[in-house]
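> Got a structure here, written out as structure tokens. Questions coming.
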Amino acid sequence: MSDTSGAQSKATDSESPPQYVRIGASEEIPERGRKLVATAGTEIAIFRLQGELYALENYCAHFGGPACQGKIINRVVEILDVDKASHGLTFSETDVHVVCPWHGYEYNITTGEHAVKKDIKLRTFNVSEHDGDVIVEI
Ligand code: FES
């Protein structure tokens with residue numbers, strides 16, 4: 001589960017300047033892949049979607065489950081016509097979620113927001129790539 005190779009682990013508080021933590025090599029996170037690391041007193045999952053990286057805390061807003069270790073699935077959406085008549089369900093092309101394995105809370109990977117209740121969200125972190133390395137700002 002955890003890989004702290006190369007990471008600079010150090011606990012932080014809200015008044016500390018940001019730390020830039022090397023998570024690993026870019027190639028370790030393929031499209032629709034993820035890497036989970038333990039650093040700075042928490043667990044962070046880094047996902048790659050459509051070439052972009054997103055970092056979310058692996059701590060479910062429901063009961064603290066490992067939200068980022070669940071299935072990665074495109075959101076199910078209903079196809080409606082102009083009269084709001086349903087034409088069945090399909091998967092969103094762009095809205096990708098991770099599903100907490102404990103009780104099924106779904107979070108948008110790009111925002112950390114719960115699928116329905118937007119006021120519920122996973123903590124997010126800035127993440128970037130430099131010279132083939134993945135760097136998370138904590
Ligand atoms: S702890 Fe994640 S859904 Fe309950």
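Just remember, in the structure tokens the first chain shown is A, the second B, etc., residues are 1-based per chain, and ligands are 1-based in the order shown.
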Please give me, as a list in words, the residues lying within 7 Å of ligand 1 when counting only C-alpha atoms and all ligand atoms.
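Checking only C-alpha atoms and all ligand atoms against ligand 1 at 7 Å gives Cys60, Ala61, His62, Phe63, Gly64, Gly65, Pro66, Ala67, Cys100, Pro101, Trp102, His103, Gly104 and Tyr105 of chain A.
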> Based on the selection just made, write C-alpha atoms of those residues as a short mmCIF file (atom, residue, chain, number, x, y, z; two decimals), in the first residue's frame.

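The new file again-v5.cif reads:
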```
data_model
loop_
_atom_site.label_atom_id
_atom_site.label_comp_id
_atom_site.auth_asym_id
_atom_site.auth_seq_id
_atom_site.Cartn_x
_atom_site.Cartn_y
_atom_site.Cartn_z
CA CYS A 60 -13.10 9.13 3.55
CA ALA A 61 -15.35 11.90 4.84
CA HIS A 62 -17.88 9.26 5.92
CA PHE A 63 -16.05 7.11 8.50
CA GLY A 64 -12.42 7.55 7.57
CA GLY A 65 -12.19 4.58 5.22
CA PRO A 66 -9.50 4.22 2.54
CA ALA A 67 -11.55 6.10 -0.06
CA CYS A 100 -14.72 4.13 -1.11
CA PRO A 101 -14.54 0.37 -0.50
CA TRP A 102 -16.15 0.58 2.94
CA HIS A 103 -19.65 1.93 2.19
CA GLY A 104 -19.57 3.24 -1.36
CA TYR A 105 -19.13 7.00 -1.13
#
```
> Pull the closest atom pair for each residue of stretch 66-98 of chain A that gets at most 10 Å from stretch 31-52 of chain A, along with the distance in Å to one decimal, counting only C-alpha atoms, ordering rows by chain and then ascending residue number, as a tab-separated table.

```
residue	atom	partner	partner_atom	distance
A:Pro66	CA	A:Glu43	CA	9.0
A:Ala67	CA	A:Ala45	CA	9.4
A:Cys68	CA	A:Ala45	CA	6.2
A:Gln69	CA	A:Ala45	CA	8.1
A:Ile72	CA	A:Arg32	CA	7.8
A:Ile73	CA	A:Arg32	CA	9.6
A:Thr94	CA	A:Gln50	CA	8.9
A:Asp95	CA	A:Leu49	CA	10.0
A:Val96	CA	A:Leu49	CA	8.2
A:Val98	CA	A:Phe47	CA	9.9
```
> Quick one, how far is atom CA of A:Glu78 from atom CA of A:Ser92?
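Computing it gives 9.2 Å between the two atoms.
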> List every residue of stretch 7-138 of chain A that DSSP, applied to the backbone of this structure, assigns to strand (DSSP E), and report them as JSON, numbers by chain.
{"A": [20, 21, 22, 23, 24, 25, 34, 35, 36, 37, 38, 39, 42, 43, 44, 45, 46, 47, 48, 49, 52, 53, 54, 55, 56, 57, 72, 73, 74, 75, 76, 77, 78, 79, 80, 86, 87, 88, 89, 90, 91, 92, 93, 94, 95, 96, 97, 98, 99, 106, 107, 108, 124, 125, 126, 127, 128, 129, 130, 133, 134, 135, 136, 137]}
> Hey, can you check how far atom CA of A:Ser26 sits from atom CA of A:Ala55?
13.3 Å
> Could you state the separation of atom CA of A:Ile109 and atom CA of A:Val76 in Å, given to one decimal place?
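About the pair atom CA of A:Ile109 and atom CA of A:Val76: they are 14.5 Å apart.
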